[in-house]
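Novice: Sharing start.txt below, compact mmCIF, C-alpha atoms:
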# COMPACT_ATOMS: atom_id res chain seq x y z
CA MET A 923 5.41 1.56 23.76
CA LYS A 924 8.78 -0.12 24.10
CA THR A 925 11.14 -0.60 21.20
CA PHE A 926 10.96 -4.12 19.81
CA ASP A 927 14.46 -5.50 19.42
CA TYR A 928 16.61 -8.11 21.14
CA GLU A 929 18.25 -5.69 23.53
CA HIS A 930 15.04 -4.16 24.82
CA LEU A 931 13.25 -7.44 25.54
CA GLU A 932 13.61 -8.26 29.23
CA ILE A 933 13.69 -11.81 30.51
CA GLY A 934 11.16 -12.14 33.32
CA GLU A 935 9.08 -9.20 32.17
CA ASP A 936 5.40 -9.64 32.88
CA LEU A 937 3.68 -8.48 29.70
CA GLY A 938 0.27 -8.47 31.29
CA THR A 939 -2.87 -10.41 32.01
CA ARG A 940 -6.07 -10.39 29.97
CA SER A 941 -9.49 -11.70 30.92
CA ILE A 942 -11.14 -13.71 28.20
CA ASP A 943 -14.77 -14.74 28.17
CA VAL A 944 -15.04 -18.00 26.30
CA THR A 945 -18.20 -17.17 24.42
CA ASP A 946 -20.17 -19.16 21.91
CA GLU A 947 -19.13 -16.65 19.24
CA LEU A 948 -15.42 -16.89 20.06
CA VAL A 949 -15.44 -20.68 19.95
CA ARG A 950 -17.35 -20.77 16.66
CA GLU A 951 -14.94 -18.27 15.10
CA CYS A 952 -11.99 -20.30 16.29
CA ALA A 953 -13.47 -23.56 14.97
CA LEU A 954 -14.18 -21.92 11.62
CA ALA A 955 -10.65 -20.52 11.40
CA ILE A 956 -9.11 -23.94 11.95
CA GLU A 957 -11.67 -25.71 9.76
CA SER A 958 -13.15 -27.83 12.49
CA THR A 959 -16.76 -28.89 12.75
CA HIS A 960 -16.14 -31.08 15.78
CA GLU A 961 -19.33 -31.53 17.78
CA TRP A 962 -17.47 -30.86 21.03
CA TYR A 963 -17.04 -27.25 19.90
CA LEU A 964 -20.42 -26.75 18.29
CA ALA A 965 -22.85 -28.96 20.25
CA THR A 966 -21.71 -30.89 23.31
CA SER A 967 -18.93 -33.11 24.58
CA PRO A 968 -18.45 -35.92 27.11
CA LEU A 969 -16.31 -33.47 29.08
CA GLY A 970 -19.30 -31.79 30.68
CA GLY A 971 -20.69 -29.49 28.00
CA ARG A 972 -19.27 -27.64 25.05
CA VAL A 973 -15.56 -26.98 24.99
CA ALA A 974 -13.23 -24.88 22.85
CA PRO A 975 -10.45 -26.11 20.59
CA PRO A 976 -7.41 -26.59 22.84
CA THR A 977 -5.43 -23.98 20.85
CA LEU A 978 -8.08 -21.30 21.38
CA LEU A 979 -5.54 -19.00 23.03
CA ASP A 980 -2.83 -19.27 20.40
CA ASN A 981 -3.02 -15.59 19.52
CA GLU A 982 -2.77 -14.27 23.03
CA CYS A 983 1.01 -14.12 23.33
CA LEU A 984 1.32 -11.68 20.45
CA ARG A 985 -1.85 -9.81 21.39
CA ILE A 986 -0.52 -9.15 24.89
CA LEU A 987 3.04 -8.50 23.64
CA ASP A 988 1.64 -5.82 21.34
CA THR A 989 0.25 -3.91 24.31
CA ARG A 990 3.85 -3.26 25.43
CA TYR A 991 6.12 -3.40 22.39
CA ALA A 992 5.92 -1.63 19.03
CA ARG A 993 6.20 -4.78 16.93
CA PHE A 994 5.90 -4.90 13.16
CA GLY A 995 5.38 -8.57 12.50
CA SER A 996 7.69 -11.34 13.67
CA ILE A 997 8.61 -14.80 12.49
CA HIS A 998 7.24 -17.54 14.69
CA ALA A 999 9.90 -20.21 15.26
CA LYS A 1000 8.51 -22.65 17.83
CA GLN A 1001 5.25 -23.35 19.63
CA SER A 1002 4.61 -25.63 22.57
CA TRP A 1003 1.40 -26.43 24.42
CA GLN A 1004 0.48 -28.29 27.55
CA PHE A 1005 -3.28 -28.81 27.70
CA ARG A 1006 -4.36 -29.57 31.25
CA GLU A 1007 -8.11 -29.07 31.37
CA PRO A 1008 -10.80 -28.48 28.76
CA ILE A 1009 -11.57 -24.83 28.01
CA ARG A 1010 -15.28 -24.63 28.68
CA VAL A 1011 -17.72 -22.47 26.78
CA GLY A 1012 -19.11 -19.90 29.19
CA SER A 1013 -16.01 -19.80 31.37
CA ARG A 1014 -13.80 -16.79 32.03
CA LEU A 1015 -10.05 -17.22 31.78
CA GLU A 1016 -7.21 -15.09 33.04
CA VAL A 1017 -4.37 -15.26 30.54
CA ASN A 1018 -0.92 -14.11 31.61
CA VAL A 1019 2.09 -13.76 29.33
CA ARG A 1020 5.72 -13.30 30.39
CA ILE A 1021 9.00 -13.10 28.54
CA SER A 1022 10.71 -16.22 29.83
CA ASP A 1023 13.90 -16.36 27.76
CA LYS A 1024 15.89 -14.84 24.95
CA TYR A 1025 18.93 -16.25 23.19
CA ILE A 1026 21.08 -15.97 20.10
CA ARG A 1027 21.57 -18.99 17.87
CA ARG A 1028 23.31 -19.10 14.49
CA GLY A 1029 23.39 -15.33 14.38
CA LYS A 1030 19.66 -14.89 14.96
CA GLY A 1031 17.91 -13.50 18.01
CA TYR A 1032 15.04 -15.40 19.59
CA PHE A 1033 12.73 -14.68 22.49
CA VAL A 1034 10.33 -16.94 24.34
CA MET A 1035 6.98 -16.00 25.84
CA THR A 1036 5.24 -18.20 28.40
CA LEU A 1037 1.46 -18.13 28.50
CA THR A 1038 -0.49 -19.37 31.49
CA ALA A 1039 -4.28 -19.56 31.43
CA THR A 1040 -6.25 -20.10 34.61
CA ASP A 1041 -9.97 -20.58 35.14
CA GLU A 1042 -12.30 -19.03 37.72
CA LYS A 1043 -11.08 -21.51 40.34
CA GLY A 1044 -7.49 -20.50 39.73
CA GLU A 1045 -6.67 -23.84 38.13
CA VAL A 1046 -4.32 -23.83 35.18
CA VAL A 1047 -6.13 -24.98 32.03
CA CYS A 1048 -3.17 -24.67 29.69
CA THR A 1049 0.31 -23.31 29.31
CA GLY A 1050 2.12 -22.43 26.14
CA LEU A 1051 5.55 -21.39 24.94
CA HIS A 1052 5.82 -19.12 21.93
CA THR A 1053 9.28 -18.57 20.42
CA SER A 1054 9.80 -15.89 17.78
CA VAL A 1055 12.71 -14.38 15.91
CA VAL A 1056 13.64 -10.83 16.93
CA SER A 1057 16.04 -8.43 15.29
CA LEU A 1058 19.53 -8.17 16.79
CA VAL A 1059 19.88 -4.69 15.33
CA LYS A 1060 19.33 -2.13 18.04
CA LYS A 1061 16.53 0.18 16.99
CA PRO A 1062 16.38 3.81 18.02
CA VAL A 1063 14.29 4.36 21.11
CA GLU A 1064 10.98 5.93 20.25
CA VAL A 1065 10.38 9.06 22.26
CA GLU A 1066 6.90 9.41 23.66
CA ARG A 1067 5.33 12.69 22.74
CA MET B 743 -8.47 -44.14 18.57
CA SER B 744 -5.34 -45.75 17.19
CA GLY B 745 -4.00 -49.12 18.37
CA MET B 746 -1.12 -47.18 19.93
CA LYS B 747 1.61 -49.50 18.76
CA LEU B 748 5.19 -48.44 18.33
CA GLY B 749 5.84 -47.59 14.69
CA GLU B 750 2.15 -47.18 13.88
CA ARG B 751 1.42 -44.39 11.45
CA LEU B 752 -1.71 -42.44 12.24
CA GLU B 753 -4.07 -41.41 9.45
CA PRO B 754 -2.33 -38.75 7.33
CA LEU B 755 -4.07 -35.50 6.62
CA VAL B 756 -3.76 -33.41 3.47
CA TRP B 757 -4.27 -29.71 4.03
CA THR B 758 -4.42 -27.30 1.13
CA VAL B 759 -3.51 -23.75 2.08
CA THR B 760 -5.46 -21.02 0.32
CA GLN B 761 -5.39 -17.26 0.67
CA GLU B 762 -9.01 -17.44 1.77
CA LYS B 763 -8.12 -19.80 4.63
CA ILE B 764 -5.21 -17.57 5.66
CA ASN B 765 -7.47 -14.50 5.59
CA ARG B 766 -10.08 -16.25 7.70
CA TYR B 767 -7.49 -17.33 10.27
CA SER B 768 -5.99 -13.83 10.30
CA ARG B 769 -9.43 -12.32 10.89
CA TYR B 770 -9.88 -14.64 13.86
CA ALA B 771 -6.34 -14.09 15.15
CA LEU B 772 -6.45 -10.32 14.99
CA GLY B 773 -10.13 -9.85 15.67
CA ARG B 774 -10.67 -7.89 12.46
CA ASP B 775 -9.74 -7.69 8.79
CA THR B 776 -6.36 -6.04 8.38
CA ALA B 777 -3.73 -5.72 5.70
CA ASN B 778 -0.70 -7.57 7.03
CA ILE B 779 2.06 -9.90 5.86
CA HIS B 780 -0.44 -12.76 5.83
CA THR B 781 -3.17 -11.08 3.83
CA ASP B 782 -1.56 -8.36 1.74
CA ARG B 783 1.10 -8.75 -0.96
CA GLU B 784 2.46 -5.24 -0.54
CA LYS B 785 2.90 -5.60 3.22
CA ALA B 786 4.55 -8.97 2.73
CA THR B 787 6.93 -7.57 0.13
CA LEU B 788 7.81 -4.66 2.41
CA ALA B 789 8.76 -7.21 5.05
CA GLY B 790 11.09 -8.93 2.60
CA LEU B 791 8.84 -11.87 1.87
CA PRO B 792 8.06 -13.15 -1.63
CA GLY B 793 4.33 -12.85 -0.90
CA PRO B 794 1.73 -13.42 1.81
CA VAL B 795 2.51 -16.28 4.19
CA ALA B 796 0.37 -18.38 6.53
CA HIS B 797 0.42 -17.67 10.25
CA GLY B 798 2.83 -20.17 11.83
CA ARG B 799 0.37 -21.13 14.55
CA HIS B 800 -2.38 -21.96 12.04
CA PRO B 801 -0.87 -25.36 11.09
CA VAL B 802 -0.03 -25.99 14.76
CA ALA B 803 -3.76 -25.75 15.47
CA ILE B 804 -4.44 -28.18 12.61
CA VAL B 805 -1.98 -30.62 14.22
CA SER B 806 -3.76 -30.27 17.56
CA GLU B 807 -7.10 -30.93 15.90
CA SER B 808 -5.76 -34.13 14.38
CA MET B 809 -4.81 -35.22 17.88
CA VAL B 810 -8.30 -34.39 19.16
CA GLN B 811 -9.68 -36.63 16.43
CA ASP B 812 -7.41 -39.54 17.34
CA PHE B 813 -7.08 -39.24 21.10
CA GLY B 814 -10.18 -37.30 22.17
CA ALA B 815 -10.41 -36.34 25.83
CA ALA B 816 -6.90 -37.62 26.54
CA TRP B 817 -5.56 -34.88 24.26
CA VAL B 818 -7.79 -32.11 25.57
CA ARG B 819 -6.92 -33.03 29.14
CA GLY B 820 -3.20 -33.70 29.23
CA GLY B 821 -1.90 -33.48 25.67
CA GLU B 822 1.49 -31.86 25.07
CA LEU B 823 2.81 -30.52 21.78
CA ASP B 824 6.21 -29.15 20.77
CA MET B 825 6.47 -27.83 17.22
CA THR B 826 9.33 -26.21 15.33
CA LEU B 827 8.35 -24.03 12.39
CA THR B 828 11.04 -24.61 9.80
CA ARG B 829 9.76 -23.12 6.55
CA LEU B 830 7.33 -20.46 5.48
CA ILE B 831 3.98 -21.66 4.18
CA PHE B 832 2.39 -19.95 1.19
CA PRO B 833 -1.10 -19.88 -0.30
CA GLY B 834 -1.29 -22.68 -2.84
CA ASP B 835 0.85 -25.04 -0.78
CA THR B 836 -0.48 -28.53 -0.23
CA LEU B 837 0.74 -29.89 3.08
CA THR B 838 0.64 -33.47 4.28
CA LEU B 839 0.57 -34.17 7.98
CA GLU B 840 2.42 -37.36 8.88
CA ARG B 841 2.27 -38.78 12.38
CA GLU B 842 4.11 -41.82 13.68
CA ILE B 843 4.04 -43.32 17.14
CA VAL B 844 7.67 -43.38 18.25
CA GLY B 845 7.24 -44.17 21.92
CA VAL B 846 4.84 -46.13 24.13
CA SER B 847 5.62 -46.45 27.80
CA ASP B 848 3.37 -48.26 30.22
CA SER B 849 2.58 -47.55 33.80
CA ASP B 850 -0.02 -49.17 36.04
CA ASP B 851 -2.97 -47.22 34.79
CA GLU B 852 -1.92 -45.40 31.64
CA LYS B 853 0.26 -45.39 28.57
CA LEU B 854 2.39 -42.42 27.56
CA VAL B 855 2.24 -42.27 23.78
CA THR B 856 4.79 -40.16 21.91
CA VAL B 857 3.98 -39.16 18.35
CA ARG B 858 6.47 -37.71 15.88
CA ILE B 859 4.84 -35.01 13.79
CA THR B 860 5.96 -33.92 10.33
CA PHE B 861 4.12 -31.47 8.12
CA VAL B 862 5.64 -31.58 4.62
CA ASN B 863 4.87 -29.44 1.60
CA GLN B 864 4.24 -30.54 -1.97
CA ASP B 865 7.99 -30.60 -2.61
CA GLY B 866 8.55 -33.02 0.26
CA GLN B 867 10.14 -30.34 2.42
CA PRO B 868 9.24 -30.32 6.12
CA VAL B 869 7.56 -27.04 7.03
CA GLN B 870 6.81 -27.93 10.64
CA THR B 871 8.14 -30.79 12.73
CA GLY B 872 7.68 -31.79 16.32
CA GLU B 873 6.45 -34.18 18.90
CA ALA B 874 3.18 -34.80 20.70
CA ARG B 875 2.72 -36.68 23.94
CA VAL B 876 -0.54 -37.99 25.29
CA ARG B 877 -1.44 -40.13 28.29
CA VAL B 878 -4.04 -42.73 27.55
CA SER B 879 -5.88 -44.75 30.19
CA ARG B 880 -5.33 -48.50 29.90
Starting from the coordinates I provided, produce the structure as structure tokens.
Specialist:
Amino acid sequence: MKTFDYEHLEIGEDLGTRSIDVTDELVRECALAIESTHEWYLATSPLGGRVAPPTLLDNECLRILDTRYARFGSIHAKQSWQFREPIRVGSRLEVNVRISDKYIRRGKGYFVMTLTATDEKGEVVCTGLHTSVVSLVKKPVEVER
Amino acid sequence: MSGMKLGERLEPLVWTVTQEKINRYSRYALGRDTANIHTDREKATLAGLPGPVAHGRHPVAIVSESMVQDFGAAWVRGGELDMTLTRLIFPGDTLTLEREIVGVSDSDDEKLVTVRITFVNQDGQPVQTGEARVRVSR
């Protein structure tokens, strides 16, 4: 695992890609977590069947980041979404996350992750930008044993 | 759907944050029950926080859901959201979501509607602010 501090985060780094099956269970859990009983998520929609809440993938940036960096919590500063197509129940998505920027503002370090989710046809269903605060203090490199 | 007029205020939403809601979101977010800064006082204190705090993306999802309610398919297929998370949110907070249409631009077949988003706490302090954009067929 890489050390999680400003210096070690690399702009352009591909943090990885994860396949996600948009199952009935996942969509119900998401709807419950965000207190929605919208029929589009639980029954059907005019979009061609059941769909997921557009923010279904809002945990994926940190989940994928945590496969590479030894992070102990972080403060979320900004979140952007561009929803392009409905996320359909039963579909399989490929979700890629990259570190797209890092910067220092008012003495604080920030880094930006870009998420891109594509469906089975390779079409982008949504993109997201997740900006978090990261420590400017260089941490000792952890030695793998 | 709203009348989409400049200056129109969309239906406000009051959202009470409870530890139970935070725990439920955390369970969904992390895929399991864990002790973390959102669910556990000791972990939060260790991180320098006064107590457990809500996940920042939890209210962002609530904002998105309000847009689904008002704009339907136009939001799901083409909505854009930019949110800045300005203050921590704690269990017991009562947040009010305020949304105002601040831009309407017409083209031949659609309107681009820009909505200013403000989530304020019970003390009137903004905890999240931002902008949503949605293209609506004429």
Novice: I'd like the neighbourhood of Ser806 in chain B as a list in words, where a residue qualifies if any of its atoms comes within 9 Å (using all atoms listed in the file), though same-chain residues fewer than 6 positions away should be ignored.
Specialist: Pro975, Pro976 and Thr977 of chain A; Trp817, Gly821, Leu823 and Ala874 of chain B
Novice: Name the residues in contact with range 771-782 of chain B at a cut-off of 10 Å, using all atoms listed in the file, excluding same-chain residues fewer than 3 positions from it; report them as a PyMOL selection string.
Specialist: (chain A and resi 948+951-952+955+978-982+984-985+994-996) or (chain B and resi 761-762+764-768+785-791+793-797+799-800+832-833)
Novice: Counting all atoms listed in the file, figure out which residue out of B:Val869, B:Val846, B:Leu837, B:Leu752 gets nearest to chain A.
Specialist: B:Val869
Novice: For a test of reading the model, state the distance in Å between CA of Arg819 in chain B and CA of Val862 in chain B, rounded to one decimal.
Specialist: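 Computing the Euclidean distance for CA of Arg819 in chain B and CA of Val862 in chain B yields 27.6 Å.
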Novice: Rounded to one decimal in Å, what is the spacing between CA of Ala965 in chain A and CA of Val1011 in chain A?
Specialist: 10.5 Å
Novice: Do me a favour and pick out the residues of chain A within 6 Å of chain B, using all atoms listed in the file, as a list in words.
Specialist: Ala955, Thr977, Asn981, His998, Ala999, Lys1000, Gln1001, Ser1002, Trp1003, Gln1004, Phe1005, Arg1006, Glu1007 and Pro1008 of chain A
Novice: I want to know what sits within 9 Å of Ala953 in chain A, based on only C-alpha atoms, with residues of the same chain fewer than 6 positions away left out; could you give that as a JSON list (two decimals) with C-alpha atoms, in the coordinates of the input?
Specialist:
[["chain", "number", "residue", "atom", "x", "y", "z"],
["A", 959, "THR", "CA", -16.76, -28.89, 12.75],
["A", 960, "HIS", "CA", -16.14, -31.08, 15.78],
["A", 963, "TYR", "CA", -17.04, -27.25, 19.90],
["A", 964, "LEU", "CA", -20.42, -26.75, 18.29],
["A", 974, "ALA", "CA", -13.23, -24.88, 22.85],
["A", 975, "PRO", "CA", -10.45, -26.11, 20.59],
["A", 978, "LEU", "CA", -8.08, -21.30, 21.38]]
Novice: I'd like the neighbourhood of range 938-946 of chain A as a list in words, where a residue qualifies if any of its atoms comes within 9 Å (using all atoms listed in the file), though same-chain residues fewer than 3 positions away should be ignored.
Specialist: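 Those residues are Glu935, Val949, Arg950, Glu951, Tyr963, Leu964, Ala974, Glu982, Ile986, Leu987, Thr989, Arg990, Ile1009, Arg1010, Val1011, Gly1012, Ser1013, Arg1014, Leu1015, Glu1016, Val1017, Asn1018, Val1019 and Arg1020 of chain A.
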Novice: May I ask which of the residues B:Ile859, B:Ile831, B:Val759, B:Val878 is the closest one to Gly745 in chain B, counting all atoms listed in the file?
Specialist: B:Val878
Novice: Please measure the separation of CA of Thr758 in chain B and CA of Arg841 in chain B, giving the value in Å to one decimal.
Specialist: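 Calculated distance between CA of Thr758 in chain B and CA of Arg841 in chain B is 17.4 Å.
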Novice: Given the choices B:Leu748, B:Val844, B:Leu839, B:Leu854, which gets closest to Gly866 in chain B if the distance is worked out from all atoms listed in the file?
Specialist: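 Closest candidate: B:Leu839.
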Novice: Check the smallest atom-to-atom distance from each of A:Leu931, A:Leu937, A:Val1059, A:Thr1040 to Cys983 in chain A using only C-alpha atoms, then report the winner.
Specialist: A:Leu937
Novice: At most 8 Å from (15.8, -9.5, 18.1), file frame, only C-alpha atoms: which residues, as a ChimeraX atom specification?
Specialist: /A:926-929,1030-1033,1055-1059
